[in-house]
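Contents: one structure, followed by commentary.
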Amino acid sequence: MHPEKPKHDFEPKIIAFVCTWCTYAGADLAGTSRMQYPPNVRVLKFPCTGRIDPVFILKAFQQGADGVLVSGCHPGDCHYIAGNFHARRRFAAFRKLLEFVGVDLNRLQFSWVSAAEGGKWVEVVTELTEKVRSMGPMVEFKELALEEQWSGAIDTPELKEAYEQI
Amino acid sequence: MQNYISQQNFNALLDSLISQGKRVVAPRTNAGTVLYEPLANAADMVIDQLPRRSGKEAFFPLCEDIMTYQKEGQKIELQDIDPTRFLETVLVGVRPCDAAAIPVLDAVFSWDYKDEFFLERRKKTTIIGLACTQADDACFCTAVGLTPADPKGADLFLTPLEGGGYACETQSEKGEALVANNKELFAEPNGYKPLPLAEPQTGKFDLKKVKAWLDEHFEDPAWDSIATRCVGCGACAFVCPACHCFDIVDEGTEKQGKRRKNWDACGFWKFTHHASGHNPRDQQPKRYRNRIMHKFKYYDDKFGQTLCTGCGRCIRLCPVGIDIADILQDIDKIEVKVKVEENS
Amino acid sequence: MTQPIDTSIYAAVTAAIQGEAKRILSEGQVTAIVGYAAARRKGSAQPIVISQPDDAQKLIFTPACVNNLAVYLTKAKKEIPKTGKIGIVVKGCDLKALAGLMGESQLKRENLYLIGVPCAGVLGSTIQPDTELTSDSIAPKCTECNERMPPECDFVPAVQVPVNQGLEKKYAAEIARLEALTPQERWAYWKEQFSKCIKCYACRQVCPFCFCEQCLCDRNKPQMVETTPRPAGNFAWHIVRAMHLAGRCAGCAECERVCPMDIPLNLLNRKMAKELKELFEHEAGFEVQEKGPLNSFTDKDDQSFIK
């Protein structure tokens, strides 16, 4: 029996970039153990957190993500020995950059979730989903995506309306 | 004839055009940089400065959508933009070097293929030119056959006067209509004296001589010494009032997206990069050569005009100090047989 | 208050560079020298490559000698002759870029003959190259410079650099101002700045560290960054650029100087440099470092932000 799901006005879209060896297996464990976690999260599997380029996070926000999760093996457990150590430094730096250009870091979460930590996966995903839900949609990048240079903007409101309905 | 307008009345004219729903594009400051942009208020206008980018943007946007696509299963929907519904625009404060480039662009955009986006925007735009009173040693309009008071390309041409205000000359039906519809703002001339015109401080060169040399010197060691320093950015082309190359890209997902037209520049290595991986202009001097050749030879061959109006923007903004006027002066100094109908 | 900057040493520096260039070219120690030469406009200078001893007299050093010539030695701009040993005129800031490039195995010290310049500062913009060098017109990087005498060069003119005292540190002040804003205000600030971008890629092309044969942002399969000069694509490009230079940027500020739209790009680079110093105690310097802060790690790195 599934517990009844509460209805919300806003369902955030969360993109999770995970490594295949630990977090993906952890999320799988959560599923096979029939643990419930918010369906808001879309999981994208990578070989290693070391492969997750900051530009992926940027792209996720640009394409409509309200929150992003990056998760991989605990330090010392990397299948490729040091991928997550490199990732740790890279994301420490990237966070500072995003903060400086005005992105609210509450929308971006990093975690270590091992293949055995199905429970932690549920906890991390639930917490991020609820946090982002309370913050509302990520509007900055979406608004930016709709903006045009004045010269290329569709000139008349009626034309713009007709065009956007496509 | 009523051909004087005070600064106050000129601003009132622009404000009235804005309130009629027309887009009034004029130099204004955006985050510290003077650019042609739509005004919300005539008071925002910074008419005494040459904007960093040229006025071509009003007809040839930096980036514009030309089509959208949407795919659902087997169903593909394409939707064109309808250019006939573009907004009426008044482009204000255009210096002769920017205005003269517009007829030059007309030639290429209405040549074998009629570019409806450009031509429609062009049709709906009235250009208010302004005689130029400021020049520096990067300006060379007088070397390419223009003057700081050349009304070419303008519909209404203003000459700033001592003590403020402008003398106006209508240059086309569009200009006449603008004056006729706002008669009350114009007054009789009253012995006003025009401000002294700008004096470009760049030496002249003979365009025919330059072209004669270019005709014979596609391959020449000079190109290496001229352009080895070029780092291959697009700054010169993007600030140029006459450069008009564009690239068409599809952006979006496999489900939906837009086809867009963006400015492109011959300085980029990608400009001539083939899908095969081959690049006929594999070195920077070859790319820079194309810039000079296109401006002073190819365009002349095809349309009998020069693709340069001497605004000097590329000279001021080149990251590595490449000076097109200097290059042309050097070519001019080379002894060449000018083959321009010596017999006639 | 505007105060003049003393550049009286530049005449002696110019003479010394010319003498040394002539000597090493005629002795065959180098095949070519990358330096600065006067150009047509009053007070202007442009990069030049010379290979004849007689051309040494063309070399100059003035406040308009702004370029970081290291860009002419990196992979992507390899059209400068590269046979044998090359001489290069470097300011302190440019030398840091060379050290960085050596660390990234792009250059070898033994292939270079470094002609160091004792530098009192250069112009922030050369749109009007005859501008007098003052505390207002000086490049912001020069207000924070403490490397006026480049060390460990093969030749440095023996002149004493005057000390410029009391110049306001422009980047530090501006970064502090932005950090004090709310995220929404910072977003608005950068949105306005990036909206001016025309994607001319001058910032990329003059950067000594942007030596990729093909830039990520030029690729379209897959397309990671919108190539169109719209606000969204511009924002993405500048974030990618700042991130790719984090821990590598040597602070020559060429990106900011060349931007035809006056976007304060070096603020992003300086901010990242500041953060990487705090996080990993890394700083760009004259020492050739085999590993940068983002391609090395320790097992004790901060992970307080990771759950």
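By convention here, the chains of the structure tokens are called A, B, ... in the order presented, each chain's residues are numbered starting at 1, and ligands are numbered starting at 1 in the order presented.
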
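Excluding C:Val240 itself and any same-chain residue fewer than 2 positions from it, the protein and nucleic acid residues within 9 Å of it, counting only C-alpha atoms, are A:Pro54, A:Val55, A:Leu58, C:Leu216, C:Cys217, C:Val225, C:Phe235, C:Ala236, C:Trp237, C:His238, C:Ala242, C:Met243, C:His244, C:Leu245.
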
Go ahead and save the residues from that selection, with C-alpha atoms, as an mmCIF file, in the first residue's frame.
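Here's the written file out.cif:
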```
data_model
loop_
_atom_site.group_PDB
_atom_site.id
_atom_site.type_symbol
_atom_site.label_atom_id
_atom_site.label_comp_id
_atom_site.auth_asym_id
_atom_site.auth_seq_id
_atom_site.Cartn_x
_atom_site.Cartn_y
_atom_site.Cartn_z
ATOM 1 C CA PRO A 54 30.092 22.329 -13.901
ATOM 2 C CA VAL A 55 28.598 23.223 -17.272
ATOM 3 C CA LEU A 58 24.498 25.295 -15.572
ATOM 4 C CA LEU C 216 33.960 23.931 -25.679
ATOM 5 C CA CYS C 217 31.821 26.893 -26.655
ATOM 6 C CA VAL C 225 26.665 26.579 -24.388
ATOM 7 C CA PHE C 235 25.635 34.317 -19.205
ATOM 8 C CA ALA C 236 26.605 30.695 -19.777
ATOM 9 C CA TRP C 237 29.697 31.641 -21.763
ATOM 10 C CA HIS C 238 31.044 33.950 -19.086
ATOM 11 C CA ALA C 242 35.565 32.028 -15.461
ATOM 12 C CA MET C 243 35.393 28.410 -14.349
ATOM 13 C CA HIS C 244 37.900 27.198 -16.927
ATOM 14 C CA LEU C 245 40.336 29.867 -15.821
#
```

Shell around B:Pro241 at 8 Å using only C-alpha atoms, local window under 5 positions removed, as a tab-separated table (two decimals) with N, CA and C atoms, in the first residue's frame:
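Result file is result35.tsv:
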```tsv
chain	number	residue	atom	x	y	z
B	53	ARG	N	28.80	50.18	-30.70
B	53	ARG	CA	28.39	49.38	-31.85
B	53	ARG	C	27.69	50.30	-32.83
B	54	SER	N	27.61	49.88	-34.09
B	54	SER	CA	27.08	50.76	-35.11
B	54	SER	C	25.57	50.65	-35.20
B	55	GLY	N	24.99	51.51	-36.05
B	55	GLY	CA	23.55	51.53	-36.22
B	55	GLY	C	22.99	50.38	-37.03
B	56	LYS	N	23.87	49.55	-37.62
B	56	LYS	CA	23.38	48.45	-38.46
B	56	LYS	C	22.48	47.51	-37.69
B	97	CYS	N	29.31	58.33	-40.76
B	97	CYS	CA	30.01	57.06	-40.98
B	97	CYS	C	29.10	55.86	-40.75
B	98	ASP	N	28.14	56.00	-39.84
B	98	ASP	CA	27.19	54.90	-39.62
B	98	ASP	C	26.08	54.93	-40.66
B	101	ALA	N	26.82	53.63	-44.19
B	101	ALA	CA	26.97	52.17	-44.32
B	101	ALA	C	25.63	51.52	-44.65
B	102	ILE	N	24.54	52.21	-44.38
B	102	ILE	CA	23.23	51.58	-44.55
B	102	ILE	C	22.90	51.33	-46.03
B	308	CYS	N	33.59	50.15	-46.32
B	308	CYS	CA	34.21	50.75	-45.14
B	308	CYS	C	33.83	52.22	-45.16
B	309	THR	N	33.44	52.75	-44.01
B	309	THR	CA	33.04	54.15	-43.96
B	309	THR	C	33.95	54.97	-43.07
B	311	CYS	N	34.76	54.80	-39.82
B	311	CYS	CA	34.33	55.20	-38.47
B	311	CYS	C	35.44	55.02	-37.45
```

Check: Quick one: which residues from chain C are at most 6 Å off chain A, using only C-alpha atoms, as a PyMOL selection string?
Finding: chain C and resi 183-184+186-187+230+232+294+306-307

Can I get the residues of stretch 210-242 of chain C within 7 Å of stretch 197-206 of chain C, each with the closest pair of atoms and their distance in Å to one decimal, using only C-alpha atoms, sorted chain first then ascending number, as a tab-separated table?
```
residue	atom	partner	partner_atom	distance
C:Cys210	CA	C:Arg204	CA	5.9
C:Pro229	CA	C:Ile198	CA	5.4
C:Asn234	CA	C:Cys197	CA	6.3
```

As a check of understanding: the span from atom CA of A:Cys48 to atom CA of C:Gly247 is 22.2 Å

Atom pair atom CA of B:Met293 + atom CA of C:Gln128, distance 27.3 Å

May I have all residues of stretch 58-100 of chain B that DSSP, computed from the backbone, assigns to alpha helix (DSSP H), given as a PDB file with C-alpha atoms, in the first residue's frame?
```pdb
ATOM      1  CA  PRO B  96      27.655  60.019 -41.386  1.00  0.00           C
ATOM      2  CA  CYS B  97      30.012  57.057 -40.984  1.00  0.00           C
ATOM      3  CA  ASP B  98      27.188  54.905 -39.619  1.00  0.00           C
ATOM      4  CA  ALA B  99      24.472  56.251 -41.915  1.00  0.00           C
TER       5      ALA B  99
END
```

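Taking stretch 17-125 of chain A and asking which residues DSSP calls strand (DSSP E or B) on the backbone, you get A:Phe17, A:Val18, A:Cys19, A:Val41, A:Arg42, A:Val43, A:Leu44, A:Lys45, A:Phe46, A:Gly67, A:Val68, A:Leu69, A:Val70, A:Ser71, A:Gly72, A:Leu108, A:Gln109, A:Phe110, A:Ser111, A:Trp112.
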
Restrict the selected residues to C-alpha atoms and save them as a CSV table (one decimal), in the first residue's frame.
```csv
chain,number,residue,atom,x,y,z
A,17,PHE,CA,23.9,14.0,-11.4
A,18,VAL,CA,25.1,10.8,-9.7
A,19,CYS,CA,28.0,8.4,-10.1
A,41,VAL,CA,14.1,14.0,-8.9
A,42,ARG,CA,15.4,13.0,-12.4
A,43,VAL,CA,18.5,10.9,-12.0
A,44,LEU,CA,21.3,11.2,-14.6
A,45,LYS,CA,24.0,8.6,-14.3
A,46,PHE,CA,27.7,9.3,-14.8
A,67,GLY,CA,17.3,22.4,-7.9
A,68,VAL,CA,20.4,20.3,-8.7
A,69,LEU,CA,21.9,17.5,-6.7
A,70,VAL,CA,25.4,16.1,-7.3
A,71,SER,CA,26.2,12.9,-5.5
A,72,GLY,CA,28.9,10.2,-5.6
A,108,LEU,CA,22.4,23.2,-5.3
A,109,GLN,CA,23.3,20.2,-3.1
A,110,PHE,CA,26.3,17.9,-3.0
A,111,SER,CA,26.3,14.6,-1.2
A,112,TRP,CA,28.2,11.4,-0.7
```

Find the residues around A:Ala115 up to 7 Å (only C-alpha atoms counted), leave out those fewer than 2 positions away in its own chain, and share them as an mmCIF file with C-alpha atoms, in the first residue's frame.
```cif
data_model
loop_
_atom_site.group_PDB
_atom_site.id
_atom_site.type_symbol
_atom_site.label_atom_id
_atom_site.label_comp_id
_atom_site.auth_asym_id
_atom_site.auth_seq_id
_atom_site.Cartn_x
_atom_site.Cartn_y
_atom_site.Cartn_z
ATOM 1 C CA CYS A 22 27.919 4.479 -5.434
ATOM 2 C CA THR A 23 25.000 6.873 -5.522
ATOM 3 C CA ALA A 25 23.487 1.920 -6.726
ATOM 4 C CA GLY A 26 22.319 3.604 -3.504
ATOM 5 C CA VAL A 113 25.856 8.432 -0.909
ATOM 6 C CA GLU A 117 23.022 4.047 1.801
#
```

Could you name the residues that touch stretch 51-58 of chain C at 7 Å or less, counting only C-alpha atoms, but leaving out those on the same chain fewer than 3 positions away, as number ranges by chain?
C: 18, 21-22, 25-26, 31-33, 37

Would you mind exporting N, CA and C atoms of the selected residues as a PDB file, in the first residue's frame?
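Heads up, here's the output in again24.pdb:
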```
ATOM      1  N   GLN C  18      66.073  47.681 -26.517  1.00  0.00           N
ATOM      2  CA  GLN C  18      66.602  47.739 -27.894  1.00  0.00           C
ATOM      3  C   GLN C  18      68.021  47.182 -27.955  1.00  0.00           C
ATOM      4  N   ALA C  21      67.974  43.402 -27.373  1.00  0.00           N
ATOM      5  CA  ALA C  21      67.365  42.700 -28.511  1.00  0.00           C
ATOM      6  C   ALA C  21      68.347  42.619 -29.666  1.00  0.00           C
ATOM      7  N   LYS C  22      69.023  43.727 -29.915  1.00  0.00           N
ATOM      8  CA  LYS C  22      69.994  43.766 -31.013  1.00  0.00           C
ATOM      9  C   LYS C  22      71.110  42.751 -30.751  1.00  0.00           C
ATOM     10  N   LEU C  25      69.878  39.026 -31.024  1.00  0.00           N
ATOM     11  CA  LEU C  25      69.555  38.651 -32.406  1.00  0.00           C
ATOM     12  C   LEU C  25      70.817  38.520 -33.234  1.00  0.00           C
ATOM     13  N   SER C  26      71.754  39.479 -33.059  1.00  0.00           N
ATOM     14  CA  SER C  26      72.959  39.393 -33.891  1.00  0.00           C
ATOM     15  C   SER C  26      73.875  38.257 -33.439  1.00  0.00           C
ATOM     16  N   THR C  31      65.887  33.341 -32.429  1.00  0.00           N
ATOM     17  CA  THR C  31      65.546  33.505 -33.844  1.00  0.00           C
ATOM     18  C   THR C  31      64.577  34.667 -34.037  1.00  0.00           C
ATOM     19  N   ALA C  32      63.821  34.973 -33.016  1.00  0.00           N
ATOM     20  CA  ALA C  32      62.851  36.067 -33.138  1.00  0.00           C
ATOM     21  C   ALA C  32      62.576  36.634 -31.750  1.00  0.00           C
ATOM     22  N   ILE C  33      62.064  37.859 -31.733  1.00  0.00           N
ATOM     23  CA  ILE C  33      61.695  38.478 -30.457  1.00  0.00           C
ATOM     24  C   ILE C  33      60.282  39.035 -30.586  1.00  0.00           C
ATOM     25  N   ALA C  37      55.957  47.685 -30.537  1.00  0.00           N
ATOM     26  CA  ALA C  37      56.478  48.732 -31.410  1.00  0.00           C
ATOM     27  C   ALA C  37      55.473  49.875 -31.446  1.00  0.00           C
TER      28      ALA C  37
END
```

note - atom CA of B:Ala177 and atom CA of A:Ser151 are separated by 24.5 Å

Exercise for review: Hey, list the chain B side of the contact with chain A: 9 Å cut-off, only C-alpha atoms, answer as a list in words.
Suggested key: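 That gives Arg23, Glu37, Pro38, Glu57, Ala58, Phe59, Phe60, Pro61, Leu62, Cys63, Glu64, Asp65, Thr68, Tyr69, Gln70, Glu77, Leu78, Gln79, Asp80, Ile81, Asp82, Arg85, Phe86, Leu87 and Glu88 of chain B for chain B.
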
*asked:* Using only C-alpha atoms and a cut-off of 8 Å, which residues of chain C sit close to chain B? Please list them as a count of residues only.
replied: 37

What's the 10 Å shell around B:Glu72, counting only C-alpha atoms, without same-chain residues fewer than 2 positions away, as a PDB file with N, CA and C atoms, in the first residue's frame?
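around-v8.pdb, freshly written:
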```pdb
ATOM      1  N   GLN B  70       8.999  22.274 -34.244  1.00  0.00           N
ATOM      2  CA  GLN B  70       8.448  21.489 -33.162  1.00  0.00           C
ATOM      3  C   GLN B  70       8.160  20.094 -33.709  1.00  0.00           C
ATOM      4  N   GLN B  74       5.639  11.729 -35.481  1.00  0.00           N
ATOM      5  CA  GLN B  74       5.966  11.924 -36.885  1.00  0.00           C
ATOM      6  C   GLN B  74       5.622  13.329 -37.363  1.00  0.00           C
ATOM      7  N   LYS B  75       4.954  14.069 -36.489  1.00  0.00           N
ATOM      8  CA  LYS B  75       4.453  15.383 -36.908  1.00  0.00           C
ATOM      9  C   LYS B  75       5.504  16.466 -36.665  1.00  0.00           C
ATOM     10  N   ILE B  76       5.855  17.129 -37.728  1.00  0.00           N
ATOM     11  CA  ILE B  76       6.827  18.213 -37.591  1.00  0.00           C
ATOM     12  C   ILE B  76       6.153  19.509 -37.992  1.00  0.00           C
ATOM     13  N   GLU B  77       6.269  20.502 -37.122  1.00  0.00           N
ATOM     14  CA  GLU B  77       5.653  21.784 -37.433  1.00  0.00           C
ATOM     15  C   GLU B  77       6.722  22.854 -37.552  1.00  0.00           C
ATOM     16  N   GLU B 254      15.821  18.036 -29.695  1.00  0.00           N
ATOM     17  CA  GLU B 254      15.272  17.332 -30.853  1.00  0.00           C
ATOM     18  C   GLU B 254      13.756  17.524 -30.967  1.00  0.00           C
ATOM     19  N   LYS B 255      13.132  17.917 -29.871  1.00  0.00           N
ATOM     20  CA  LYS B 255      11.681  18.100 -29.864  1.00  0.00           C
ATOM     21  C   LYS B 255      11.271  19.476 -30.377  1.00  0.00           C
ATOM     22  N   GLN B 256      11.997  20.496 -29.954  1.00  0.00           N
ATOM     23  CA  GLN B 256      11.622  21.840 -30.387  1.00  0.00           C
ATOM     24  C   GLN B 256      12.818  22.772 -30.300  1.00  0.00           C
TER      25      GLN B 256
END
```
